[in-house]
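Colleague: Sharing my_file-v9.txt (compact mmCIF, C-alpha atoms and all ligand atoms) below.
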# COMPACT_ATOMS: atom_id res chain seq x y z
CA MET G 53 30.87 -74.55 97.39
CA ASN G 54 29.84 -73.07 100.73
CA ALA G 55 32.04 -74.33 103.56
CA LEU G 56 29.17 -74.23 106.04
CA LYS G 57 26.31 -76.70 105.69
CA PRO G 58 23.21 -75.30 107.40
CA ALA G 59 21.58 -77.24 110.23
CA ASP G 60 19.64 -80.33 109.19
CA LEU G 61 16.68 -80.43 111.57
CA SER G 62 15.69 -83.91 110.40
CA LEU G 63 18.50 -85.24 112.65
CA TRP G 64 16.69 -83.92 115.72
CA LYS G 65 13.86 -86.32 116.39
CA GLY G 66 12.68 -88.57 119.19
CA ARG G 67 9.75 -90.05 121.03
CA LYS G 68 6.63 -88.04 121.69
CA ASP G 69 5.57 -87.89 125.31
CA GLU G 70 2.66 -86.17 126.96
CA ASN G 71 2.85 -82.37 126.65
CA LEU G 72 3.29 -80.99 130.16
CA GLY G 73 3.96 -77.40 129.08
CA ARG G 74 7.75 -77.84 128.96
CA PRO G 75 9.84 -79.68 126.37
CA ASN G 76 10.52 -83.25 127.41
CA TYR G 77 13.50 -83.81 125.10
CA TRP G 78 16.29 -81.81 123.49
CA TYR G 79 14.93 -82.30 119.98
CA GLU G 80 11.92 -80.21 120.99
CA MET G 81 14.20 -77.31 121.95
CA VAL G 82 16.40 -77.12 118.87
CA LYS G 83 16.27 -74.30 116.35
CA ALA G 84 18.32 -73.98 113.19
CA SER G 85 20.48 -70.89 113.55
CA ALA G 86 23.13 -68.83 111.79
CA LEU G 87 25.45 -66.10 113.04
CA GLU G 88 23.54 -63.39 111.22
CA LYS G 89 20.26 -64.61 112.78
CA LEU G 90 21.57 -64.73 116.34
CA LYS G 91 19.74 -62.30 118.63
CA PRO G 92 20.28 -61.62 122.34
CA SER G 93 17.78 -63.63 124.33
CA ALA G 94 16.51 -63.75 127.91
CA ASN G 95 16.86 -67.53 127.68
CA LYS G 96 20.06 -69.47 128.09
CA GLN G 97 21.47 -70.25 124.64
CA LEU G 98 23.54 -73.30 123.81
CA ALA G 99 25.21 -73.43 120.40
CA ILE G 100 25.96 -76.66 118.55
CA LEU G 101 28.44 -76.42 115.70
CA GLY G 102 29.79 -79.43 113.81
CA TYR G 103 33.22 -79.93 112.28
CA ALA G 104 32.39 -82.55 109.66
CA VAL G 105 35.98 -83.06 108.56
CA ASP G 106 38.28 -86.07 108.45
CA GLU G 107 40.85 -84.67 106.04
CA GLY G 108 43.25 -84.32 109.01
CA VAL G 109 42.74 -87.99 109.93
CA LYS G 110 43.40 -89.02 106.33
CA ARG G 111 46.62 -86.97 106.25
CA ASN G 112 47.63 -88.55 109.57
CA GLN G 113 47.35 -92.00 107.93
CA GLY G 114 44.37 -92.85 110.12
CA ARG G 115 41.14 -94.60 109.16
CA VAL G 116 38.61 -92.06 107.93
CA GLY G 117 34.96 -91.77 108.96
CA ALA G 118 34.98 -88.90 111.48
CA ILE G 119 33.32 -86.71 108.84
CA ASP G 120 30.04 -88.30 109.98
CA GLY G 121 30.75 -87.75 113.69
CA PRO G 122 28.81 -84.51 114.28
CA ASP G 123 25.52 -85.76 112.86
CA ALA G 124 25.76 -89.05 114.76
CA ILE G 125 26.22 -87.12 118.03
CA ARG G 126 23.28 -84.83 117.16
CA LYS G 127 20.99 -87.85 116.80
CA MET G 128 21.93 -88.94 120.33
CA LEU G 129 21.65 -85.39 121.73
CA ALA G 130 18.16 -85.21 120.24
CA ILE G 131 16.82 -87.92 122.55
CA LEU G 132 18.30 -86.54 125.78
CA PRO G 133 15.75 -85.48 128.39
CA ASN G 134 15.44 -81.79 129.19
CA HIS G 135 16.99 -81.23 132.62
CA PHE G 136 18.00 -77.62 132.09
CA GLN G 137 17.42 -75.54 135.21
CA SER G 138 16.19 -72.54 133.24
CA GLN G 139 14.55 -71.93 129.88
CA THR G 140 17.15 -72.90 127.28
CA GLU G 141 17.37 -72.60 123.51
CA ILE G 142 19.55 -75.09 121.66
CA LEU G 143 20.82 -73.46 118.49
CA ASP G 144 22.19 -75.66 115.75
CA PHE G 145 24.62 -73.78 113.49
CA GLY G 146 25.19 -76.69 111.11
CA ASN G 147 28.51 -78.19 110.03
CA VAL G 148 31.72 -76.63 108.79
CA ILE G 149 33.00 -78.84 105.96
CA CYS G 150 36.34 -79.10 104.16
CA VAL G 151 36.24 -77.94 100.55
CA ASP G 152 38.90 -79.03 98.00
CA GLU G 153 40.93 -80.76 100.75
CA ASP G 154 41.98 -77.31 101.96
CA LEU G 155 42.37 -77.98 105.67
CA ASP G 156 43.96 -74.62 106.50
CA ALA G 157 41.05 -72.70 104.95
CA THR G 158 38.65 -74.97 106.87
CA HIS G 159 40.45 -74.18 110.12
CA SER G 160 40.33 -70.41 109.46
CA ASN G 161 36.64 -70.62 108.69
CA PHE G 162 35.95 -72.66 111.83
CA SER G 163 38.07 -70.36 114.06
CA LYS G 164 36.21 -67.30 112.81
CA THR G 165 32.84 -68.91 113.58
CA VAL G 166 34.00 -69.96 117.07
CA SER G 167 35.24 -66.46 117.81
CA GLN G 168 31.95 -64.92 116.64
CA LEU G 169 29.90 -67.35 118.74
CA LEU G 170 31.95 -66.46 121.81
CA SER G 171 31.46 -62.74 121.09
CA GLN G 172 27.71 -63.33 121.14
CA GLY G 173 27.95 -64.84 124.62
CA VAL G 174 26.54 -68.26 123.76
CA PHE G 175 28.14 -71.36 125.25
CA SER G 176 29.28 -73.60 122.43
CA ILE G 177 29.60 -77.35 122.13
CA LEU G 178 31.64 -78.24 119.07
CA LEU G 179 31.41 -81.67 117.52
CA GLY G 180 34.16 -83.35 115.50
CA GLY G 181 35.45 -84.53 113.26
CA GLY G 182 39.18 -85.25 113.46
CA HIS G 183 41.16 -83.84 116.36
CA ASP G 184 42.56 -81.09 114.18
CA ILE G 185 39.35 -79.39 115.34
CA ALA G 186 41.47 -78.48 118.40
CA TYR G 187 43.77 -76.16 116.45
CA ALA G 188 40.85 -74.35 114.84
CA HIS G 189 38.89 -74.23 118.09
CA TYR G 190 41.79 -72.92 120.19
CA THR G 191 42.61 -70.31 117.55
CA GLY G 192 38.98 -69.12 117.60
CA ILE G 193 39.03 -68.78 121.40
CA ARG G 194 42.35 -66.94 121.16
CA GLN G 195 40.96 -64.54 118.54
CA PHE G 196 38.00 -63.80 120.80
CA LEU G 197 40.13 -63.26 123.91
CA ASP G 198 42.66 -61.12 122.02
CA GLY G 199 39.79 -58.73 121.28
CA GLN G 200 39.08 -58.28 125.01
CA GLU G 201 40.54 -55.52 127.16
CA LYS G 202 42.29 -57.76 129.66
CA SER G 203 44.82 -60.31 128.38
CA GLN G 204 43.86 -63.82 129.41
CA THR G 205 45.67 -67.13 129.36
CA ILE G 206 44.02 -70.26 127.99
CA GLY G 207 44.65 -73.63 129.58
CA ILE G 208 43.98 -76.57 127.29
CA ILE G 209 42.72 -79.73 128.95
CA ASN G 210 42.81 -82.65 126.53
CA LEU G 211 41.39 -86.04 127.55
CA ASP G 212 43.16 -88.28 125.07
CA ALA G 213 45.26 -91.39 124.55
CA HIS G 214 47.57 -89.27 122.37
CA PHE G 215 49.60 -86.07 122.78
CA ASP G 216 48.83 -84.94 119.20
CA LEU G 217 52.13 -83.06 119.31
CA ARG G 218 53.50 -84.31 116.00
CA ASN G 219 55.71 -81.83 114.18
CA ASN G 220 53.78 -80.18 111.32
CA LYS G 221 56.75 -79.65 109.00
CA ASN G 222 55.04 -81.99 106.51
CA GLY G 223 51.63 -80.35 106.90
CA ASN G 224 48.86 -80.04 109.44
CA THR G 225 46.98 -83.19 110.41
CA SER G 226 44.85 -84.59 113.24
CA GLY G 227 48.15 -85.53 114.92
CA THR G 228 49.63 -81.99 114.98
CA PRO G 229 47.08 -79.58 116.59
CA PHE G 230 48.79 -79.00 119.94
CA PHE G 231 52.22 -78.67 118.32
CA GLN G 232 50.74 -76.00 116.03
CA ILE G 233 49.27 -74.20 119.05
CA SER G 234 52.64 -74.34 120.84
CA GLN G 235 54.32 -72.73 117.84
CA ASP G 236 51.69 -69.98 117.62
CA CYS G 237 52.13 -69.31 121.34
CA LYS G 238 55.88 -69.05 120.84
CA THR G 239 55.44 -66.59 117.95
CA LYS G 240 53.05 -64.45 119.97
CA ASN G 241 55.04 -64.76 123.17
CA GLN G 242 52.06 -66.32 124.93
CA ALA G 243 52.14 -69.15 127.46
CA PHE G 244 51.47 -72.64 126.10
CA GLU G 245 49.46 -74.27 128.88
CA TYR G 246 48.58 -77.82 127.88
CA CYS G 247 47.38 -80.60 130.19
CA CYS G 248 46.81 -84.00 128.64
CA LEU G 249 45.07 -86.73 130.67
CA GLY G 250 44.98 -90.41 129.71
CA ILE G 251 48.19 -90.61 127.70
CA GLN G 252 49.09 -94.15 126.70
CA ARG G 253 52.73 -95.16 126.56
CA SER G 254 51.81 -97.83 124.00
CA ALA G 255 50.28 -95.24 121.65
CA ASN G 256 52.90 -92.44 121.69
CA THR G 257 56.50 -92.60 120.54
CA GLN G 258 59.46 -91.55 122.68
CA THR G 259 59.82 -88.52 120.38
CA LEU G 260 56.32 -87.40 121.40
CA PHE G 261 57.15 -87.82 125.10
CA ASN G 262 60.33 -85.77 124.52
CA THR G 263 58.37 -83.03 122.72
CA ALA G 264 55.87 -82.96 125.60
CA ASP G 265 58.72 -82.53 128.09
CA GLU G 266 60.41 -79.83 126.00
CA LEU G 267 57.15 -77.90 125.77
CA GLY G 268 56.44 -78.22 129.50
CA VAL G 269 53.25 -80.22 128.99
CA THR G 270 51.44 -81.47 132.10
CA TYR G 271 50.27 -85.03 131.61
CA LEU G 272 48.98 -88.12 133.37
CA GLU G 273 49.21 -91.54 131.80
CA ASN G 274 46.21 -93.86 131.57
CA THR G 275 47.60 -95.86 134.50
CA GLU G 276 47.34 -92.74 136.70
CA TYR G 277 44.20 -91.23 135.20
CA THR G 278 41.85 -93.58 137.08
CA ILE G 279 39.30 -93.21 139.85
CA GLU G 280 41.68 -95.05 142.23
CA HIS G 281 44.17 -92.19 141.80
CA TRP G 282 41.56 -89.45 142.16
CA ALA G 283 43.51 -87.52 144.84
CA GLU G 284 46.50 -87.16 142.48
CA VAL G 285 44.30 -86.38 139.50
CA LYS G 286 42.49 -83.68 141.45
CA ASN G 287 45.80 -82.14 142.58
CA CYS G 288 47.06 -82.16 139.03
CA LEU G 289 43.90 -80.46 137.77
CA ASN G 290 43.83 -77.86 140.53
CA SER G 291 47.49 -76.88 140.06
CA PHE G 292 46.90 -76.52 136.34
CA LEU G 293 43.70 -74.51 136.80
CA GLN G 294 45.45 -72.08 139.14
CA LYS G 295 47.84 -71.06 136.36
CA VAL G 296 45.22 -70.12 133.76
CA ASP G 297 42.34 -67.68 133.31
CA LYS G 298 40.16 -69.74 130.95
CA VAL G 299 39.92 -73.43 130.15
CA TYR G 300 39.33 -74.97 126.77
CA LEU G 301 38.28 -78.61 127.17
CA THR G 302 38.74 -81.05 124.32
CA ILE G 303 37.64 -84.67 124.65
CA ASP G 304 39.18 -87.06 122.16
CA LEU G 305 36.83 -90.02 122.43
CA ASP G 306 39.70 -92.41 121.65
CA GLY G 307 41.01 -91.71 125.18
CA PHE G 308 38.20 -93.91 126.48
CA SER G 309 38.65 -97.64 126.53
CA SER G 310 37.24 -99.20 123.37
CA ALA G 311 34.84 -101.02 125.71
CA TYR G 312 33.09 -97.63 126.03
CA ALA G 313 34.15 -95.99 122.77
CA PRO G 314 34.65 -98.45 119.91
CA GLY G 315 33.61 -95.92 117.26
CA VAL G 316 36.74 -93.82 116.90
CA SER G 317 39.51 -93.40 114.34
CA ALA G 318 42.14 -95.03 116.60
CA PRO G 319 40.60 -97.28 119.29
CA SER G 320 42.19 -97.78 122.73
CA PRO G 321 41.75 -101.13 124.45
CA MET G 322 43.48 -99.71 127.55
CA GLY G 323 41.81 -96.32 127.69
CA PHE G 324 40.13 -94.61 130.63
CA ALA G 325 36.59 -95.12 131.98
CA PRO G 326 33.73 -92.59 132.15
CA ASP G 327 33.85 -92.34 135.99
CA ILE G 328 37.16 -90.42 136.06
CA VAL G 329 35.95 -88.14 133.27
CA LEU G 330 32.79 -87.19 135.17
CA LYS G 331 34.88 -86.31 138.25
CA THR G 332 37.13 -84.22 136.01
CA LEU G 333 34.11 -82.41 134.56
CA ASP G 334 32.91 -81.62 138.11
CA VAL G 335 36.21 -79.87 138.88
CA LEU G 336 36.13 -77.94 135.60
CA ILE G 337 32.54 -76.81 136.11
CA GLU G 338 33.28 -75.70 139.67
CA SER G 339 36.31 -73.72 138.48
CA GLN G 340 33.97 -71.49 136.41
CA LYS G 341 36.82 -71.11 133.92
CA LEU G 342 35.43 -73.32 131.19
CA ILE G 343 35.04 -71.23 128.04
CA SER G 344 34.33 -73.81 125.34
CA VAL G 345 34.21 -77.56 124.75
CA ASP G 346 34.63 -79.99 121.89
CA LEU G 347 34.40 -83.74 121.37
CA ALA G 348 36.51 -85.26 118.63
CA GLU G 349 37.28 -88.36 116.62
CA LEU G 350 33.88 -90.10 116.64
CA SER G 351 33.84 -92.37 113.60
CA PRO G 352 30.27 -93.72 113.32
CA LYS G 353 31.03 -96.45 110.82
CA TYR G 354 33.10 -98.24 113.51
CA ASP G 355 30.59 -97.60 116.30
CA GLN G 356 28.55 -100.39 117.88
CA ASP G 357 24.93 -99.71 118.68
CA ASN G 358 25.78 -95.98 118.77
CA ALA G 359 27.66 -96.56 122.04
CA THR G 360 30.33 -93.93 121.33
CA ALA G 361 27.91 -91.33 119.97
CA ARG G 362 25.67 -91.96 123.00
CA LEU G 363 28.65 -91.57 125.35
CA ALA G 364 29.53 -88.26 123.67
CA ALA G 365 25.94 -87.03 124.01
CA ARG G 366 25.76 -88.03 127.67
CA LEU G 367 29.00 -86.20 128.44
CA VAL G 368 27.51 -83.09 126.85
CA HIS G 369 24.34 -83.59 128.92
CA TYR G 370 26.38 -83.91 132.12
CA LEU G 371 28.29 -80.74 131.32
CA VAL G 372 25.47 -78.43 130.37
CA SER G 373 22.49 -79.55 132.45
CA ARG G 374 24.03 -78.61 135.77
N1 LIG G 401 44.53 -87.65 116.43
C1 LIG G 401 45.06 -88.76 116.51
N2 LIG G 401 46.37 -88.90 116.63
C2 LIG G 401 47.04 -90.14 116.81
C3 LIG G 401 46.55 -91.24 115.91
C4 LIG G 401 47.19 -92.54 116.18
C5 LIG G 401 46.73 -93.66 115.26
O1 LIG G 401 46.19 -93.40 114.16
O2 LIG G 401 46.92 -94.82 115.67
C6 LIG G 401 48.51 -89.85 116.55
O3 LIG G 401 48.83 -89.14 115.61
O4 LIG G 401 49.32 -90.32 117.34
MN MN G 402 43.59 -89.66 120.44
MN MN G 403 43.64 -86.63 119.82
Can I see the file as structure tokens?

Modeller:
Amino acid sequence: MNALKPADLSLWKGRKDENLGRPNYWYEMVKASALEKLKPSANKQLAILGYAVDEGVKRNQGRVGAIDGPDAIRKMLAILPNHFQSQTEILDFGNVICVDEDLDATHSNFSKTVSQLLSQGVFSILLGGGHDIAYAHYTGIRQFLDGQEKSQTIGIINLDAHFDLRNNKNGNTSGTPFFQISQDCKTKNQAFEYCCLGIQRSANTQTLFNTADELGVTYLENTEYTIEHWAEVKNCLNSFLQKVDKVYLTIDLDGFSSAYAPGVSAPSPMGFAPDIVLKTLDVLIESQKLISVDLAELSPKYDQDNATARLAARLVHYLVSR
């Protein structure tokens, strides 16, 4: 079976407004694409690639459902208004899927696609899927950067309730991606630069806090990652950004309070609010270091009125329309 499911354009639909010579909504701008079809264009190109996989969540003893995350986000992206400043093509590359429960092969496949998309110069928004997407995504960025002349460091910014630094001695799961990255960095003698915002003491064991300290992880707990503490958050972000050449942003939707994001594998009653995330995005956009972005852990069967999928889509809109 092919591990890439081509784009399903039936997901991209919305209301029909008066034609004013410019697309009103995202669904009117979407084209199904594939790496071999990608051509340089005078227009801005935005790539959407799904990671329709919850094998990592299953292995992490979580509640499954994130396999349906990418398509649920697409449906909410479809109805966004077009506020792009210049002519933009939205290219849907379909979903990477997990065949025969082989998560490692899925990750390799996904990394290769990410690296190829970056080589083509398109900005990618990757939609999960379990948070093991982060290992595959980071590895793809690394592969791309390793092919460049100048060596470049990647800073990972993870907005999450969890460190996801579980030891992978019993296999790779949605709870191990950043531990895996740390080990790869060690092997390759590269810096492991990981900043995790929104960590919840009630959702991470002492062992995870110890691992974070041993690995030199920068983190702010949910009690500090609030708009009231913006000065400290901004300082934390700026010091981290200074150390790195490129930033990979990963948003685990379970970092948000379940009031905003009920539809996730592991909900967080005491998570953060959208206001602090938007301020964070402003700093990342201004840094001009952002190389690639993903959103993870949407589990549509637990969502309410598409609130979580809609939140994910609006975060994407905020990021790319400016
Ligand atoms: N990617 C999620 N990781 C969390 C899940 C916690 C949970 O299922 O409650 C973790 O392993 O800590
Ligand atoms: Mn999480
Ligand atoms: Mn996570």

Colleague: Give the residues close to ligand LIG 401 (chain G), within 8 Å, counting only C-alpha atoms and all ligand atoms; write them as an mmCIF file with C-alpha atoms, keeping the file's coordinate frame.

Modeller:
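selection.cif was written with the following content:
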data_model
loop_
_atom_site.group_PDB
_atom_site.id
_atom_site.type_symbol
_atom_site.label_atom_id
_atom_site.label_comp_id
_atom_site.auth_asym_id
_atom_site.auth_seq_id
_atom_site.Cartn_x
_atom_site.Cartn_y
_atom_site.Cartn_z
ATOM 1 C CA VAL G 109 42.740 -87.990 109.930
ATOM 2 C CA ASN G 112 47.630 -88.550 109.570
ATOM 3 C CA GLN G 113 47.350 -92.000 107.930
ATOM 4 C CA GLY G 114 44.370 -92.850 110.120
ATOM 5 C CA ARG G 115 41.140 -94.600 109.160
ATOM 6 C CA GLY G 182 39.180 -85.250 113.460
ATOM 7 C CA HIS G 183 41.160 -83.840 116.360
ATOM 8 C CA ASP G 184 42.560 -81.090 114.180
ATOM 9 C CA HIS G 214 47.570 -89.270 122.370
ATOM 10 C CA PHE G 215 49.600 -86.070 122.780
ATOM 11 C CA ASP G 216 48.830 -84.940 119.200
ATOM 12 C CA LEU G 217 52.130 -83.060 119.310
ATOM 13 C CA ARG G 218 53.500 -84.310 116.000
ATOM 14 C CA THR G 225 46.980 -83.190 110.410
ATOM 15 C CA SER G 226 44.850 -84.590 113.240
ATOM 16 C CA GLY G 227 48.150 -85.530 114.920
ATOM 17 C CA THR G 228 49.630 -81.990 114.980
ATOM 18 C CA ALA G 255 50.280 -95.240 121.650
ATOM 19 C CA ASN G 256 52.900 -92.440 121.690
ATOM 20 C CA ASP G 304 39.180 -87.060 122.160
ATOM 21 C CA SER G 317 39.510 -93.400 114.340
ATOM 22 C CA ALA G 318 42.140 -95.030 116.600
ATOM 23 C CA PRO G 319 40.600 -97.280 119.290
ATOM 24 C CA GLU G 349 37.280 -88.360 116.620
#

Colleague: Distance CA of Ile343 (chain G)-CA of His369 (chain G), one decimal place?

Modeller: 16.4 Å

Colleague: Between CA of Gly121 (chain G) and CA of Thr360 (chain G), measure the distance and give it in Å to one decimal.

Modeller: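 So the answer is 9.8 Å.
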
Colleague: Would you mind listing what lies within 6 Å of region 237-248 of chain G as an NGL selection string, with all atoms listed in the file counted and same-chain residues fewer than 3 positions away left out?

Modeller: :G and (207-211 or 234 or 269-271)

Colleague: Could you tell me which of G:Phe261, G:Trp64, G:Tyr312, G:Tyr187 comes closest to Asp144 (chain G) if we count all atoms listed in the file?

Modeller: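 For Asp144 (chain G), the nearest of the candidates is G:Trp64.
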
Colleague: Go through G:Gly108, G:Pro314, G:Gly199, G:Pro133 and flag the residue nearest ligand MN 403 (chain G), using all atoms listed in the file for the distances.

Modeller: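 Ranking G:Gly108, G:Pro314, G:Gly199, G:Pro133 by distance to ligand MN 403 (chain G), first place goes to G:Gly108.
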
Colleague: Could you check how far CA of Asn76 (chain G) sits from CA of Asn134 (chain G), in Å to one decimal?

Modeller: 5.4 Å

Colleague: Could you give me, as an mmCIF file with C-alpha atoms, keeping the file's coordinate frame, the residues within 12 Å of Gly315 (chain G), counting all atoms listed in the file and dropping anything in the same chain fewer than 3 positions from it?

Modeller:
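The resulting result.cif:
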data_model
loop_
_atom_site.group_PDB
_atom_site.id
_atom_site.type_symbol
_atom_site.label_atom_id
_atom_site.label_comp_id
_atom_site.auth_asym_id
_atom_site.auth_seq_id
_atom_site.Cartn_x
_atom_site.Cartn_y
_atom_site.Cartn_z
ATOM 1 C CA ARG G 115 41.140 -94.600 109.160
ATOM 2 C CA VAL G 116 38.610 -92.060 107.930
ATOM 3 C CA GLY G 117 34.960 -91.770 108.960
ATOM 4 C CA ALA G 118 34.980 -88.900 111.480
ATOM 5 C CA ASP G 120 30.040 -88.300 109.980
ATOM 6 C CA GLY G 121 30.750 -87.750 113.690
ATOM 7 C CA ALA G 124 25.760 -89.050 114.760
ATOM 8 C CA ILE G 125 26.220 -87.120 118.030
ATOM 9 C CA ASP G 304 39.180 -87.060 122.160
ATOM 10 C CA LEU G 305 36.830 -90.020 122.430
ATOM 11 C CA ASP G 306 39.700 -92.410 121.650
ATOM 12 C CA GLY G 307 41.010 -91.710 125.180
ATOM 13 C CA PHE G 308 38.200 -93.910 126.480
ATOM 14 C CA SER G 309 38.650 -97.640 126.530
ATOM 15 C CA SER G 310 37.240 -99.200 123.370
ATOM 16 C CA ALA G 311 34.840 -101.020 125.710
ATOM 17 C CA TYR G 312 33.090 -97.630 126.030
ATOM 18 C CA ALA G 318 42.140 -95.030 116.600
ATOM 19 C CA PRO G 319 40.600 -97.280 119.290
ATOM 20 C CA SER G 320 42.190 -97.780 122.730
ATOM 21 C CA ALA G 348 36.510 -85.260 118.630
ATOM 22 C CA GLU G 349 37.280 -88.360 116.620
ATOM 23 C CA LEU G 350 33.880 -90.100 116.640
ATOM 24 C CA SER G 351 33.840 -92.370 113.600
ATOM 25 C CA PRO G 352 30.270 -93.720 113.320
ATOM 26 C CA LYS G 353 31.030 -96.450 110.820
ATOM 27 C CA TYR G 354 33.100 -98.240 113.510
ATOM 28 C CA ASP G 355 30.590 -97.600 116.300
ATOM 29 C CA GLN G 356 28.550 -100.390 117.880
ATOM 30 C CA ASP G 357 24.930 -99.710 118.680
ATOM 31 C CA ASN G 358 25.780 -95.980 118.770
ATOM 32 C CA ALA G 359 27.660 -96.560 122.040
ATOM 33 C CA THR G 360 30.330 -93.930 121.330
ATOM 34 C CA ALA G 361 27.910 -91.330 119.970
ATOM 35 C CA ARG G 362 25.670 -91.960 123.000
ATOM 36 C CA LEU G 363 28.650 -91.570 125.350
ATOM 37 C CA ALA G 364 29.530 -88.260 123.670
#

Colleague: Set the distance at 12 Å and use only C-alpha atoms: which residues neighbour Asp327 (chain G) once local chain neighbours fewer than 6 positions away are removed? I'd like the list as number ranges by chain.

Modeller: G: 277-282, 308-309, 312, 333-334, 363, 367, 370

Colleague: Select, from G:Ala84, G:Ala186, G:Leu143, G:Leu293, the residue with the minimum atom-to-atom distance to ligand MN 402 (chain G), counting only C-alpha atoms and all ligand atoms.

Modeller: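 Smallest distance to ligand MN 402 (chain G) is found for G:Ala186.
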
Colleague: Counting all atoms listed in the file, which of G:Gly173, G:Pro58, G:Pro75, G:Gly146 gets nearest to Leu98 (chain G)?

Modeller: G:Gly173

Colleague: Rank G:Met128, G:Val316, G:Leu61, G:Val368 by their smallest atom-to-atom distance to ligand MN 403 (chain G), using all atoms listed in the file, and report the top residue only.

Modeller: G:Val316

Colleague: Using only C-alpha atoms, which of G:Arg194, G:His159, G:Lys83, G:Lys298 sits nearest Leu342 (chain G)?

Modeller: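 Closest candidate: G:Lys298.
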
Colleague: Using only C-alpha atoms, which protein or nucleic acid residues come within 9 Å of Ser373 (chain G)? Drop anything in the same chain fewer than 6 positions from it, and give the result as number ranges by chain.

Modeller: G: 134-137

Colleague: Would you mind exporting the chosen residues as a compact mmCIF listing (two decimals), in the frame of the given file, restricted to C-alpha atoms?

Modeller:
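Everything below was put into out_11.txt:
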# COMPACT_ATOMS: atom_id res chain seq x y z
CA ASN G 134 15.44 -81.79 129.19
CA HIS G 135 16.99 -81.23 132.62
CA PHE G 136 18.00 -77.62 132.09
CA GLN G 137 17.42 -75.54 135.21

Colleague: Please identify all polymer residues within 9 Å of region 150-158 of chain G, counting only C-alpha atoms, omitting same-chain residues fewer than 2 positions from it, and present them as a list in words.

Modeller: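 Here the answer would be Met53, Asn54, Ala55, Leu56, Tyr103, Ala104, Val105, Asp106, Glu107, Gly108, Val148, Ser160, Asn161, Phe162, Ser163, Ala188, Asn224 and Thr225 of chain G.
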
Colleague: Write the residues of the selection above to a file with C-alpha atoms, as a PDB file, in the coordinates of the input.

Modeller:
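Result written to out-v1.pdb:
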ATOM      1  CA  MET G  53      30.870 -74.550  97.390  1.00  0.00           C
ATOM      2  CA  ASN G  54      29.840 -73.070 100.730  1.00  0.00           C
ATOM      3  CA  ALA G  55      32.040 -74.330 103.560  1.00  0.00           C
ATOM      4  CA  LEU G  56      29.170 -74.230 106.040  1.00  0.00           C
ATOM      5  CA  TYR G 103      33.220 -79.930 112.280  1.00  0.00           C
ATOM      6  CA  ALA G 104      32.390 -82.550 109.660  1.00  0.00           C
ATOM      7  CA  VAL G 105      35.980 -83.060 108.560  1.00  0.00           C
ATOM      8  CA  ASP G 106      38.280 -86.070 108.450  1.00  0.00           C
ATOM      9  CA  GLU G 107      40.850 -84.670 106.040  1.00  0.00           C
ATOM     10  CA  GLY G 108      43.250 -84.320 109.010  1.00  0.00           C
ATOM     11  CA  VAL G 148      31.720 -76.630 108.790  1.00  0.00           C
ATOM     12  CA  SER G 160      40.330 -70.410 109.460  1.00  0.00           C
ATOM     13  CA  ASN G 161      36.640 -70.620 108.690  1.00  0.00           C
ATOM     14  CA  PHE G 162      35.950 -72.660 111.830  1.00  0.00           C
ATOM     15  CA  SER G 163      38.070 -70.360 114.060  1.00  0.00           C
ATOM     16  CA  ALA G 188      40.850 -74.350 114.840  1.00  0.00           C
ATOM     17  CA  ASN G 224      48.860 -80.040 109.440  1.00  0.00           C
ATOM     18  CA  THR G 225      46.980 -83.190 110.410  1.00  0.00           C
TER      19      THR G 225
END
